[in-house]
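For reference, query_19.cif is printed below; it contains mmCIF, C-alpha atoms.
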data_coords
loop_
_atom_site.group_PDB
_atom_site.id
_atom_site.type_symbol
_atom_site.label_atom_id
_atom_site.label_comp_id
_atom_site.auth_asym_id
_atom_site.auth_seq_id
_atom_site.Cartn_x
_atom_site.Cartn_y
_atom_site.Cartn_z
ATOM 1 C CA MET A 1 110.123 -224.554 -57.399
ATOM 2 C CA THR A 2 111.056 -220.914 -56.706
ATOM 3 C CA GLU A 3 111.036 -219.294 -53.260
ATOM 4 C CA ASN A 4 108.082 -217.136 -54.351
ATOM 5 C CA HIS A 5 105.989 -220.191 -55.269
ATOM 6 C CA LYS A 6 106.928 -221.901 -51.995
ATOM 7 C CA PHE A 7 105.876 -218.798 -50.045
ATOM 8 C CA GLN A 8 102.539 -218.635 -51.904
ATOM 9 C CA LEU A 9 101.853 -222.331 -51.256
ATOM 10 C CA GLY A 10 102.778 -221.847 -47.588
ATOM 11 C CA THR A 11 100.415 -218.870 -47.321
ATOM 12 C CA ILE A 12 97.527 -220.759 -48.972
ATOM 13 C CA GLY A 13 98.171 -223.708 -46.650
ATOM 14 C CA ALA A 14 98.191 -221.446 -43.578
ATOM 15 C CA LEU A 15 94.940 -219.736 -44.637
ATOM 16 C CA SER A 16 93.225 -223.081 -45.329
ATOM 17 C CA LEU A 17 94.407 -224.563 -42.034
ATOM 18 C CA SER A 18 93.138 -221.509 -40.159
ATOM 19 C CA VAL A 19 89.680 -221.659 -41.768
ATOM 20 C CA VAL A 20 89.171 -225.418 -41.274
ATOM 21 C CA SER A 21 90.422 -225.478 -37.671
ATOM 22 C CA SER A 22 88.509 -222.342 -36.636
ATOM 23 C CA VAL A 23 85.195 -223.501 -38.094
ATOM 24 C CA SER A 24 85.736 -226.915 -36.455
ATOM 25 C CA ILE A 25 86.389 -225.441 -33.012
ATOM 26 C CA VAL A 26 83.368 -223.137 -33.264
ATOM 27 C CA ILE A 27 81.098 -226.102 -34.003
ATOM 28 C CA CYS A 28 82.704 -228.097 -31.160
ATOM 29 C CA ASN A 29 82.421 -225.219 -28.672
ATOM 30 C CA LYS A 30 78.838 -224.541 -29.718
ATOM 31 C CA ALA A 31 77.949 -228.113 -28.754
ATOM 32 C CA LEU A 32 79.891 -227.725 -25.503
ATOM 33 C CA ILE A 33 78.350 -224.378 -24.520
ATOM 34 C CA SER A 34 74.835 -224.476 -26.006
ATOM 35 C CA THR A 35 74.009 -228.165 -25.687
ATOM 36 C CA LEU A 36 76.001 -229.261 -22.619
ATOM 37 C CA GLY A 37 75.846 -225.964 -20.706
ATOM 38 C CA PHE A 38 79.604 -225.467 -20.222
ATOM 39 C CA THR A 39 79.610 -221.643 -20.468
ATOM 40 C CA PHE A 40 83.094 -220.928 -19.078
ATOM 41 C CA ALA A 41 84.680 -219.520 -22.249
ATOM 42 C CA THR A 42 87.662 -217.701 -20.709
ATOM 43 C CA THR A 43 88.713 -220.641 -18.540
ATOM 44 C CA LEU A 44 88.336 -222.961 -21.547
ATOM 45 C CA THR A 45 90.647 -220.668 -23.542
ATOM 46 C CA SER A 46 93.297 -220.899 -20.799
ATOM 47 C CA TRP A 47 93.136 -224.704 -21.102
ATOM 48 C CA HIS A 48 93.452 -224.356 -24.884
ATOM 49 C CA LEU A 49 96.677 -222.388 -24.496
ATOM 50 C CA LEU A 50 98.050 -224.766 -21.872
ATOM 51 C CA VAL A 51 97.471 -227.776 -24.166
ATOM 52 C CA THR A 52 99.015 -225.817 -27.062
ATOM 53 C CA PHE A 53 102.145 -225.129 -24.995
ATOM 54 C CA CYS A 54 102.428 -228.788 -23.928
ATOM 55 C CA SER A 55 101.998 -229.931 -27.554
ATOM 56 C CA LEU A 56 104.707 -227.520 -28.742
ATOM 57 C CA HIS A 57 106.993 -228.674 -25.916
ATOM 58 C CA VAL A 58 106.631 -232.265 -27.145
ATOM 59 C CA ALA A 59 107.313 -231.053 -30.710
ATOM 60 C CA LEU A 60 110.450 -229.280 -29.454
ATOM 61 C CA TRP A 61 111.573 -232.444 -27.658
ATOM 62 C CA MET A 62 111.125 -234.326 -30.960
ATOM 63 C CA ASN A 63 113.274 -231.663 -32.713
ATOM 64 C CA LEU A 64 110.399 -230.591 -34.969
ATOM 65 C CA PHE A 65 111.399 -226.947 -34.496
ATOM 66 C CA GLU A 66 114.263 -225.009 -32.940
ATOM 67 C CA HIS A 67 113.904 -223.052 -29.708
ATOM 68 C CA LYS A 68 115.083 -219.475 -30.288
ATOM 69 C CA PRO A 69 115.056 -217.324 -27.128
ATOM 70 C CA PHE A 70 114.832 -213.566 -27.649
ATOM 71 C CA ASP A 71 113.771 -210.432 -25.741
ATOM 72 C CA ALA A 72 112.056 -211.861 -22.618
ATOM 73 C CA THR A 73 110.335 -208.551 -21.818
ATOM 74 C CA ALA A 74 108.781 -208.362 -25.284
ATOM 75 C CA VAL A 75 107.554 -211.970 -25.046
ATOM 76 C CA MET A 76 106.050 -211.453 -21.588
ATOM 77 C CA GLY A 77 104.345 -208.200 -22.545
ATOM 78 C CA PHE A 78 103.026 -209.721 -25.766
ATOM 79 C CA GLY A 79 101.714 -212.844 -24.010
ATOM 80 C CA ILE A 80 99.981 -210.917 -21.216
ATOM 81 C CA LEU A 81 98.478 -208.440 -23.723
ATOM 82 C CA ASN A 82 97.091 -211.318 -25.788
ATOM 83 C CA GLY A 83 95.531 -212.847 -22.661
ATOM 84 C CA ILE A 84 94.002 -209.500 -21.659
ATOM 85 C CA SER A 85 92.547 -208.947 -25.156
ATOM 86 C CA ILE A 86 90.817 -212.364 -25.052
ATOM 87 C CA GLY A 87 89.384 -211.592 -21.612
ATOM 88 C CA LEU A 88 88.145 -208.166 -22.742
ATOM 89 C CA LEU A 89 86.455 -209.641 -25.829
ATOM 90 C CA ASN A 90 84.604 -212.129 -23.600
ATOM 91 C CA LEU A 91 83.613 -209.312 -21.218
ATOM 92 C CA SER A 92 82.450 -207.248 -24.186
ATOM 93 C CA LEU A 93 80.162 -210.087 -25.246
ATOM 94 C CA GLY A 94 78.894 -210.477 -21.672
ATOM 95 C CA PHE A 95 78.067 -206.796 -21.097
ATOM 96 C CA ASN A 96 76.728 -205.970 -24.572
ATOM 97 C CA SER A 97 74.054 -207.245 -26.912
ATOM 98 C CA VAL A 98 75.180 -209.757 -29.560
ATOM 99 C CA GLY A 99 74.681 -207.088 -32.234
ATOM 100 C CA PHE A 100 76.963 -204.592 -30.504
ATOM 101 C CA TYR A 101 79.565 -207.320 -29.939
ATOM 102 C CA GLN A 102 79.545 -208.059 -33.684
ATOM 103 C CA MET A 103 80.050 -204.335 -34.308
ATOM 104 C CA THR A 104 83.033 -204.491 -31.948
ATOM 105 C CA LYS A 105 84.586 -207.271 -34.041
ATOM 106 C CA LEU A 106 83.902 -205.304 -37.233
ATOM 107 C CA ALA A 107 85.709 -202.284 -35.749
ATOM 108 C CA ILE A 108 88.972 -204.251 -35.463
ATOM 109 C CA ILE A 109 89.805 -203.933 -39.191
ATOM 110 C CA PRO A 110 89.471 -200.109 -39.497
ATOM 111 C CA CYS A 111 91.260 -199.708 -36.163
ATOM 112 C CA THR A 112 94.142 -201.909 -37.359
ATOM 113 C CA VAL A 113 94.354 -199.960 -40.624
ATOM 114 C CA LEU A 114 94.428 -196.685 -38.657
ATOM 115 C CA LEU A 115 97.147 -197.874 -36.239
ATOM 116 C CA GLU A 116 99.346 -199.289 -39.024
ATOM 117 C CA THR A 117 98.940 -196.075 -41.022
ATOM 118 C CA LEU A 118 99.779 -193.794 -38.075
ATOM 119 C CA PHE A 119 102.609 -195.730 -36.424
ATOM 120 C CA PHE A 120 104.078 -197.879 -39.211
ATOM 121 C CA ARG A 121 103.474 -195.564 -42.204
ATOM 122 C CA LYS A 122 101.806 -198.427 -44.028
ATOM 123 C CA LYS A 123 99.742 -197.374 -47.037
ATOM 124 C CA PHE A 124 96.414 -198.939 -48.008
ATOM 125 C CA SER A 125 95.260 -198.168 -51.564
ATOM 126 C CA ARG A 126 91.728 -196.976 -52.294
ATOM 127 C CA ASN A 127 90.949 -200.319 -53.915
ATOM 128 C CA ILE A 128 91.924 -202.153 -50.702
ATOM 129 C CA GLN A 129 89.923 -199.690 -48.595
ATOM 130 C CA LEU A 130 86.881 -200.112 -50.869
ATOM 131 C CA SER A 131 87.054 -203.923 -50.717
ATOM 132 C CA LEU A 132 87.337 -203.809 -46.910
ATOM 133 C CA ALA A 133 84.326 -201.476 -46.737
ATOM 134 C CA ILE A 134 82.247 -203.895 -48.883
ATOM 135 C CA LEU A 135 83.368 -206.809 -46.696
ATOM 136 C CA LEU A 136 82.441 -205.035 -43.454
ATOM 137 C CA LEU A 137 79.086 -203.973 -44.905
ATOM 138 C CA GLY A 138 78.268 -207.567 -45.854
ATOM 139 C CA VAL A 139 79.302 -209.050 -42.503
ATOM 140 C CA GLY A 140 77.397 -206.270 -40.733
ATOM 141 C CA ILE A 141 74.208 -207.055 -42.664
ATOM 142 C CA ALA A 142 74.617 -210.789 -41.989
ATOM 143 C CA THR A 143 75.434 -210.646 -38.277
ATOM 144 C CA VAL A 144 74.416 -207.362 -36.653
ATOM 145 C CA THR A 145 70.805 -207.405 -35.475
ATOM 146 C CA ASP A 146 70.219 -205.404 -32.296
ATOM 147 C CA LEU A 147 72.365 -202.498 -31.084
ATOM 148 C CA GLN A 148 71.840 -201.845 -27.380
ATOM 149 C CA LEU A 149 74.351 -199.380 -25.959
ATOM 150 C CA ASN A 150 75.531 -199.029 -22.364
ATOM 151 C CA LEU A 151 78.508 -197.125 -20.938
ATOM 152 C CA LEU A 152 80.378 -200.044 -19.324
ATOM 153 C CA GLY A 153 79.861 -202.294 -22.338
ATOM 154 C CA SER A 154 81.065 -199.554 -24.707
ATOM 155 C CA ILE A 155 84.243 -198.962 -22.653
ATOM 156 C CA LEU A 156 84.978 -202.696 -22.541
ATOM 157 C CA SER A 157 84.433 -202.956 -26.313
ATOM 158 C CA LEU A 158 86.766 -200.021 -26.984
ATOM 159 C CA LEU A 159 89.494 -201.586 -24.815
ATOM 160 C CA ALA A 160 88.926 -204.981 -26.485
ATOM 161 C CA VAL A 161 89.331 -203.490 -29.970
ATOM 162 C CA ILE A 162 92.518 -201.574 -29.068
ATOM 163 C CA THR A 163 94.217 -204.483 -27.269
ATOM 164 C CA THR A 164 93.273 -206.957 -30.016
ATOM 165 C CA CYS A 165 94.616 -204.674 -32.755
ATOM 166 C CA VAL A 166 97.880 -204.006 -30.901
ATOM 167 C CA ALA A 167 98.354 -207.718 -30.078
ATOM 168 C CA GLN A 168 97.835 -208.765 -33.700
ATOM 169 C CA ILE A 169 100.146 -206.050 -35.022
ATOM 170 C CA MET A 170 102.765 -207.183 -32.474
ATOM 171 C CA THR A 171 102.364 -210.794 -33.680
ATOM 172 C CA ASN A 172 103.478 -209.664 -37.131
ATOM 173 C CA THR A 173 106.179 -207.167 -36.103
ATOM 174 C CA ILE A 174 107.829 -209.407 -33.466
ATOM 175 C CA GLN A 175 108.228 -212.262 -35.969
ATOM 176 C CA LYS A 176 109.889 -209.938 -38.470
ATOM 177 C CA LYS A 177 111.955 -207.905 -35.995
ATOM 178 C CA PHE A 178 113.474 -210.865 -34.122
ATOM 179 C CA LYS A 179 113.376 -213.223 -37.145
ATOM 180 C CA VAL A 180 111.455 -215.907 -35.264
ATOM 181 C CA SER A 181 108.914 -218.314 -36.730
ATOM 182 C CA SER A 182 105.263 -218.446 -35.736
ATOM 183 C CA THR A 183 105.974 -221.683 -33.837
ATOM 184 C CA GLN A 184 108.859 -220.154 -31.876
ATOM 185 C CA LEU A 185 106.801 -217.101 -30.914
ATOM 186 C CA LEU A 186 103.745 -219.159 -29.955
ATOM 187 C CA TYR A 187 105.859 -221.541 -27.843
ATOM 188 C CA GLN A 188 107.428 -218.707 -25.836
ATOM 189 C CA SER A 189 104.292 -216.581 -25.395
ATOM 190 C CA CYS A 190 101.804 -219.394 -24.654
ATOM 191 C CA PRO A 191 102.701 -219.754 -20.937
ATOM 192 C CA TYR A 192 102.092 -216.039 -20.272
ATOM 193 C CA GLN A 193 98.765 -216.077 -22.137
ATOM 194 C CA SER A 194 97.660 -219.247 -20.369
ATOM 195 C CA ILE A 195 98.652 -218.059 -16.879
ATOM 196 C CA THR A 196 96.918 -214.689 -17.425
ATOM 197 C CA LEU A 197 93.655 -216.350 -18.469
ATOM 198 C CA PHE A 198 93.952 -219.145 -15.894
ATOM 199 C CA ILE A 199 94.098 -216.511 -13.125
ATOM 200 C CA VAL A 200 91.340 -214.201 -14.388
ATOM 201 C CA GLY A 201 89.252 -216.835 -16.224
ATOM 202 C CA PRO A 202 87.262 -218.330 -13.312
ATOM 203 C CA PHE A 203 86.576 -214.823 -11.970
ATOM 204 C CA LEU A 204 85.388 -213.470 -15.349
ATOM 205 C CA ASP A 205 83.311 -216.567 -16.084
ATOM 206 C CA GLY A 206 81.736 -216.375 -12.619
ATOM 207 C CA LEU A 207 80.965 -212.686 -13.176
ATOM 208 C CA LEU A 208 79.321 -213.372 -16.540
ATOM 209 C CA THR A 209 77.479 -216.633 -15.743
ATOM 210 C CA ASN A 210 76.990 -216.576 -11.927
ATOM 211 C CA LEU A 211 78.359 -220.131 -11.949
ATOM 212 C CA ASN A 212 81.518 -221.726 -10.553
ATOM 213 C CA VAL A 213 83.675 -223.548 -13.109
ATOM 214 C CA PHE A 214 85.103 -225.796 -10.379
ATOM 215 C CA ALA A 215 81.628 -226.802 -9.170
ATOM 216 C CA PHE A 216 80.400 -227.776 -12.653
ATOM 217 C CA LYS A 217 79.363 -231.397 -13.152
ATOM 218 C CA TYR A 218 81.915 -232.862 -15.570
ATOM 219 C CA THR A 219 80.154 -235.750 -17.285
ATOM 220 C CA PRO A 220 82.070 -238.038 -19.711
ATOM 221 C CA GLN A 221 80.368 -236.251 -22.621
ATOM 222 C CA VAL A 222 81.471 -232.812 -21.349
ATOM 223 C CA LEU A 223 85.033 -234.054 -20.806
ATOM 224 C CA PHE A 224 85.111 -235.528 -24.323
ATOM 225 C CA PHE A 225 84.156 -232.198 -25.931
ATOM 226 C CA ILE A 226 86.584 -230.262 -23.690
ATOM 227 C CA VAL A 227 89.452 -232.538 -24.742
ATOM 228 C CA LEU A 228 88.384 -232.332 -28.406
ATOM 229 C CA SER A 229 88.174 -228.532 -28.191
ATOM 230 C CA CYS A 230 91.651 -228.347 -26.621
ATOM 231 C CA LEU A 231 93.150 -230.577 -29.320
ATOM 232 C CA ILE A 232 91.612 -228.519 -32.139
ATOM 233 C CA SER A 233 92.819 -225.329 -30.433
ATOM 234 C CA VAL A 234 96.451 -226.384 -30.979
ATOM 235 C CA THR A 235 95.879 -226.064 -34.734
ATOM 236 C CA VAL A 236 93.842 -222.855 -34.305
ATOM 237 C CA ASN A 237 96.546 -221.103 -32.251
ATOM 238 C CA PHE A 238 99.348 -222.293 -34.522
ATOM 239 C CA SER A 239 97.559 -221.237 -37.727
ATOM 240 C CA THR A 240 96.675 -217.817 -36.236
ATOM 241 C CA PHE A 241 100.345 -216.933 -35.659
ATOM 242 C CA LEU A 242 101.279 -218.495 -39.006
ATOM 243 C CA VAL A 243 98.729 -216.455 -40.991
ATOM 244 C CA ILE A 244 99.566 -213.124 -39.311
ATOM 245 C CA GLY A 245 103.290 -213.776 -39.761
ATOM 246 C CA LYS A 246 102.972 -214.672 -43.455
ATOM 247 C CA THR A 247 100.395 -212.014 -44.363
ATOM 248 C CA SER A 248 99.245 -209.154 -42.137
ATOM 249 C CA PRO A 249 96.876 -208.416 -39.217
ATOM 250 C CA VAL A 250 94.300 -206.962 -41.643
ATOM 251 C CA THR A 251 94.363 -210.098 -43.821
ATOM 252 C CA TYR A 252 93.886 -212.222 -40.703
ATOM 253 C CA GLN A 253 90.798 -210.186 -39.769
ATOM 254 C CA VAL A 254 89.434 -210.560 -43.312
ATOM 255 C CA LEU A 255 89.938 -214.299 -42.934
ATOM 256 C CA GLY A 256 88.132 -214.115 -39.586
ATOM 257 C CA HIS A 257 85.046 -212.671 -41.260
ATOM 258 C CA LEU A 258 85.180 -215.449 -43.867
ATOM 259 C CA LYS A 259 85.065 -217.889 -40.944
ATOM 260 C CA THR A 260 82.028 -216.034 -39.561
ATOM 261 C CA CYS A 261 80.193 -216.464 -42.871
ATOM 262 C CA LEU A 262 81.145 -220.153 -43.026
ATOM 263 C CA VAL A 263 79.982 -220.709 -39.445
ATOM 264 C CA LEU A 264 76.621 -219.101 -40.309
ATOM 265 C CA ALA A 265 76.316 -221.344 -43.365
ATOM 266 C CA PHE A 266 77.315 -224.483 -41.427
ATOM 267 C CA GLY A 267 74.919 -223.524 -38.647
ATOM 268 C CA TYR A 268 72.088 -223.394 -41.144
ATOM 269 C CA GLY A 269 73.090 -226.542 -43.021
ATOM 270 C CA LEU A 270 74.144 -228.815 -40.143
ATOM 271 C CA LEU A 271 72.530 -227.426 -37.008
ATOM 272 C CA HIS A 272 69.371 -226.028 -38.659
ATOM 273 C CA ASP A 273 69.838 -222.547 -37.186
ATOM 274 C CA GLN A 274 67.429 -219.823 -38.271
ATOM 275 C CA PHE A 275 68.526 -218.231 -41.551
ATOM 276 C CA SER A 276 66.954 -215.259 -43.349
ATOM 277 C CA TRP A 277 67.369 -213.561 -46.706
ATOM 278 C CA ARG A 278 69.240 -210.831 -44.833
ATOM 279 C CA ASN A 279 71.866 -213.397 -43.749
ATOM 280 C CA ILE A 280 72.184 -214.692 -47.320
ATOM 281 C CA MET A 281 72.485 -211.188 -48.810
ATOM 282 C CA GLY A 282 75.058 -210.166 -46.182
ATOM 283 C CA ILE A 283 77.186 -213.264 -46.788
ATOM 284 C CA LEU A 284 77.115 -212.724 -50.566
ATOM 285 C CA ILE A 285 78.187 -209.068 -50.180
ATOM 286 C CA ALA A 286 80.935 -210.133 -47.767
ATOM 287 C CA VAL A 287 82.200 -212.746 -50.231
ATOM 288 C CA VAL A 288 82.379 -210.072 -52.956
ATOM 289 C CA GLY A 289 84.446 -207.916 -50.581
ATOM 290 C CA MET A 290 86.773 -210.844 -49.771
ATOM 291 C CA VAL A 291 87.278 -211.682 -53.467
ATOM 292 C CA LEU A 292 88.056 -208.034 -54.274
ATOM 293 C CA TYR A 293 90.450 -207.797 -51.309
ATOM 294 C CA SER A 294 92.296 -210.957 -52.395
ATOM 295 C CA TYR A 295 92.456 -209.747 -56.017
ATOM 296 C CA TYR A 296 93.774 -206.265 -55.189
ATOM 297 C CA CYS A 297 96.288 -207.658 -52.665
ATOM 298 C CA THR A 298 97.620 -210.060 -55.316
ATOM 299 C CA VAL A 299 97.808 -207.368 -58.020
ATOM 300 C CA GLU A 300 99.534 -204.851 -55.747
ATOM 301 C CA SER A 301 101.965 -207.503 -54.477
ATOM 302 C CA GLN A 302 102.931 -208.388 -58.066
ATOM 303 C CA GLN A 303 103.339 -204.705 -58.946
ATOM 304 C CA GLN A 304 105.567 -204.154 -55.914
ATOM 305 C CA LYS A 305 107.777 -207.130 -56.806
ATOM 306 C CA ALA A 306 108.014 -205.942 -60.412
ATOM 307 C CA SER A 307 109.078 -202.446 -59.320
ATOM 308 C CA GLU A 308 111.652 -203.924 -56.909
ATOM 309 C CA SER A 309 113.071 -206.126 -59.698
ATOM 310 C CA SER A 310 113.280 -203.190 -62.117
ATOM 311 C CA ALA A 311 115.008 -201.102 -59.440
ATOM 312 C CA GLN A 312 117.649 -203.806 -58.943
ATOM 313 C CA LEU A 313 118.506 -204.103 -62.663
ATOM 314 C CA PRO A 314 120.508 -200.824 -62.915
ATOM 315 C CA GLN A 315 122.504 -201.824 -59.807
ATOM 316 C CA ILE A 316 123.375 -205.220 -61.353
ATOM 317 C CA LYS A 317 124.499 -203.505 -64.588
ATOM 318 C CA GLU A 318 126.701 -201.089 -62.627
ATOM 319 C CA VAL A 319 128.374 -203.959 -60.758
ATOM 320 C CA ARG A 320 129.077 -205.841 -64.050
ATOM 321 C CA SER A 321 130.470 -202.742 -65.730
#

Entire entry expressed as structure tokens:
Amino acid sequence: MTENHKFQLGTIGALSLSVVSSVSIVICNKALISTLGFTFATTLTSWHLLVTFCSLHVALWMNLFEHKPFDATAVMGFGILNGISIGLLNLSLGFNSVGFYQMTKLAIIPCTVLLETLFFRKKFSRNIQLSLAILLLGVGIATVTDLQLNLLGSILSLLAVITTCVAQIMTNTIQKKFKVSSTQLLYQSCPYQSITLFIVGPFLDGLLTNLNVFAFKYTPQVLFFIVLSCLISVTVNFSTFLVIGKTSPVTYQVLGHLKTCLVLAFGYGLLHDQFSWRNIMGILIAVVGMVLYSYYCTVESQQQKASESSAQLPQIKEVRS
């Protein structure tokens, strides 16, 4: 099996793992938050990251991966930025309508494209741009209902979009610049993310819910779903870094919208959530956008490899002669 085939299989595996784990944790957290009333999302995320770090530490102890220290300042800044972006996204949801929050998530793709174009000189073909536009249109139709604007909510959403885009771009660039794996980067950045959210989490959750996470009644059922959510989060966090490292921040966001469509479908099929023809039409349009994006990415990747191979041929002939 060639290196190219191994890379493709690894990418497909990472994408599949990300979809399955993310949809699973959404269903688990929905039961925890909606049914059992545990509404402390930011604090829960800090526990997720803490369990992820502990799991990776055990994996390191078992020699399942190699610890590779690198620029401590970059790791700390990256970890804190990731923690801040998660907190801002939760604040954005708390201070905006659900529709405006969905618009905030949709804005991450064009913002990422803009930042990568301006600062990394990355080029996105018209076909890729068109497929992304179709995808965003479909997800917008399926998820965006009400758009209620307010100044504070808009500022928080803008900051959430910028920090999320920068954090995801850094996830990709740090892995390539320092030649570290997704596991090595996640292991070193997890403590900073967890500490950031552990400090601000109870405050943010109290601000948004008017409840105290430490005064909540932790029944056996609540504890079971918290533990289950934390265990699933290990796979979610790992697959997130893996996907961004193997593909790109834009591809990860496209995958995120696929998860949104799957969650809507599972919500209708398993949890009997309300579903309209607008949801169905939006999901179908989004799927068309995802298929086109995958097709054009594959075609352009093959064209790039072919041009690189043809460019190397004259050099090989010169060396032989």

List the residues selected by the PyMOL selection byres ((chain A and resi 238-248) around 9) in the file shown, writing them as a PDB file with C-alpha atoms, in the frame of the given file.
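Heads up, here's the output in selection-v1.pdb:
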ATOM      1  CA  PHE A   7     105.876-218.798 -50.045  1.00  0.00           C
ATOM      2  CA  GLY A  10     102.778-221.847 -47.588  1.00  0.00           C
ATOM      3  CA  THR A  11     100.415-218.870 -47.321  1.00  0.00           C
ATOM      4  CA  ALA A  14      98.191-221.446 -43.578  1.00  0.00           C
ATOM      5  CA  LEU A  15      94.940-219.736 -44.637  1.00  0.00           C
ATOM      6  CA  SER A  16      93.225-223.081 -45.329  1.00  0.00           C
ATOM      7  CA  LEU A  17      94.407-224.563 -42.034  1.00  0.00           C
ATOM      8  CA  SER A  18      93.138-221.509 -40.159  1.00  0.00           C
ATOM      9  CA  VAL A  19      89.680-221.659 -41.768  1.00  0.00           C
ATOM     10  CA  SER A  21      90.422-225.478 -37.671  1.00  0.00           C
ATOM     11  CA  THR A  52      99.015-225.817 -27.062  1.00  0.00           C
ATOM     12  CA  GLN A 168      97.835-208.765 -33.700  1.00  0.00           C
ATOM     13  CA  ILE A 169     100.146-206.050 -35.022  1.00  0.00           C
ATOM     14  CA  THR A 171     102.364-210.794 -33.680  1.00  0.00           C
ATOM     15  CA  ASN A 172     103.478-209.664 -37.131  1.00  0.00           C
ATOM     16  CA  THR A 173     106.179-207.167 -36.103  1.00  0.00           C
ATOM     17  CA  ILE A 174     107.829-209.407 -33.466  1.00  0.00           C
ATOM     18  CA  GLN A 175     108.228-212.262 -35.969  1.00  0.00           C
ATOM     19  CA  LYS A 176     109.889-209.938 -38.470  1.00  0.00           C
ATOM     20  CA  SER A 181     108.914-218.314 -36.730  1.00  0.00           C
ATOM     21  CA  SER A 182     105.263-218.446 -35.736  1.00  0.00           C
ATOM     22  CA  THR A 183     105.974-221.683 -33.837  1.00  0.00           C
ATOM     23  CA  LEU A 185     106.801-217.101 -30.914  1.00  0.00           C
ATOM     24  CA  LEU A 186     103.745-219.159 -29.955  1.00  0.00           C
ATOM     25  CA  SER A 233      92.819-225.329 -30.433  1.00  0.00           C
ATOM     26  CA  VAL A 234      96.451-226.384 -30.979  1.00  0.00           C
ATOM     27  CA  THR A 235      95.879-226.064 -34.734  1.00  0.00           C
ATOM     28  CA  VAL A 236      93.842-222.855 -34.305  1.00  0.00           C
ATOM     29  CA  ASN A 237      96.546-221.103 -32.251  1.00  0.00           C
ATOM     30  CA  PRO A 249      96.876-208.416 -39.217  1.00  0.00           C
ATOM     31  CA  VAL A 250      94.300-206.962 -41.643  1.00  0.00           C
ATOM     32  CA  THR A 251      94.363-210.098 -43.821  1.00  0.00           C
ATOM     33  CA  TYR A 252      93.886-212.222 -40.703  1.00  0.00           C
ATOM     34  CA  GLN A 253      90.798-210.186 -39.769  1.00  0.00           C
TER      35      GLN A 253
END

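Distances to Gly94 in chain A were evaluated for A:Ala41, A:Ile27, A:Met290, A:Cys54 using all atoms listed in the file, and the minimum falls at A:Ala41.
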
With all atoms listed in the file counted and 9 Å as the cut-off, give the residues of range 95-172 of chain A in contact with range 65-87 of chain A, each with its shortest interatomic distance in Å and the pair that gives it, as a tab-separated table.
residue	atom	partner	partner_atom	distance
A:Leu159	CA	A:Ser85	CA	8.0
A:Ala160	CA	A:Ser85	CA	5.5
A:Val161	CA	A:Ser85	CA	8.0
A:Ile162	CA	A:Ser85	CA	8.3
A:Thr163	CA	A:Ser85	CA	5.2
A:Thr164	CA	A:Ser85	CA	5.3
A:Cys165	CA	A:Ser85	CA	9.0
A:Val166	CA	A:Leu81	CA	8.5
A:Ala167	CA	A:Asn82	CA	5.7
A:Gln168	CA	A:Asn82	CA	8.3
A:Met170	CA	A:Phe78	CA	7.2
A:Thr171	CA	A:Phe78	CA	8.0

**Message:** Running the PyMOL selection byres ((chain A and resi 154) around 12) on this model by hand, what would come out? Give it as a ChimeraX atom specification.
**Reply:** /A:88-89,91-97,100-101,103-104,147-153,155-161

**Message:** So the first atom is CA of Thr39 in chain A and the second is CA of Asn90 in chain A; what is the distance between them in Å, to one decimal place?
**Reply:** 11.2 Å

**Among listed residues A:Leu197, A:Cys190, A:Val180, A:Ala133, nearest Tyr293 in chain A (using only C-alpha atoms)** = A:Ala133

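Closest approach to Leu228 in chain A from the set A:Ala31, A:Ile283, A:Leu132, A:Leu292 is made by A:Ala31, with distances taken over all atoms listed in the file.
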
**Request:** List the residues selected by the PyMOL selection byres ((chain A and resi 48) around 9) in the file shown, writing them as a PyMOL selection string.
**Result:** chain A and resi 43-47+49-53+194+229-234+237

Hey, could you pull the box centre and edge lengths for range 114-127 of chain A, axis-aligned, 8 Å padding per side, all listed atoms, to one decimal in Å, as JSON?
{"center_x": 97.5, "center_y": -197.1, "center_z": -45.1, "size_x": 29.1, "size_y": 22.5, "size_z": 33.7}

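Between CA of Val20 in chain A and CA of Phe225 in chain A the separation is 17.5 Å.
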
**Prompt:** So what do you get for CA of Thr42 in chain A versus CA of Pro202 in chain A, distance-wise?
**Reply:** 7.4 Å

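Counting all atoms listed in the file and comparing A:Ala142, A:Leu208, A:Leu56, A:Leu64, the residue that lies closest to Pro191 in chain A is A:Leu56.
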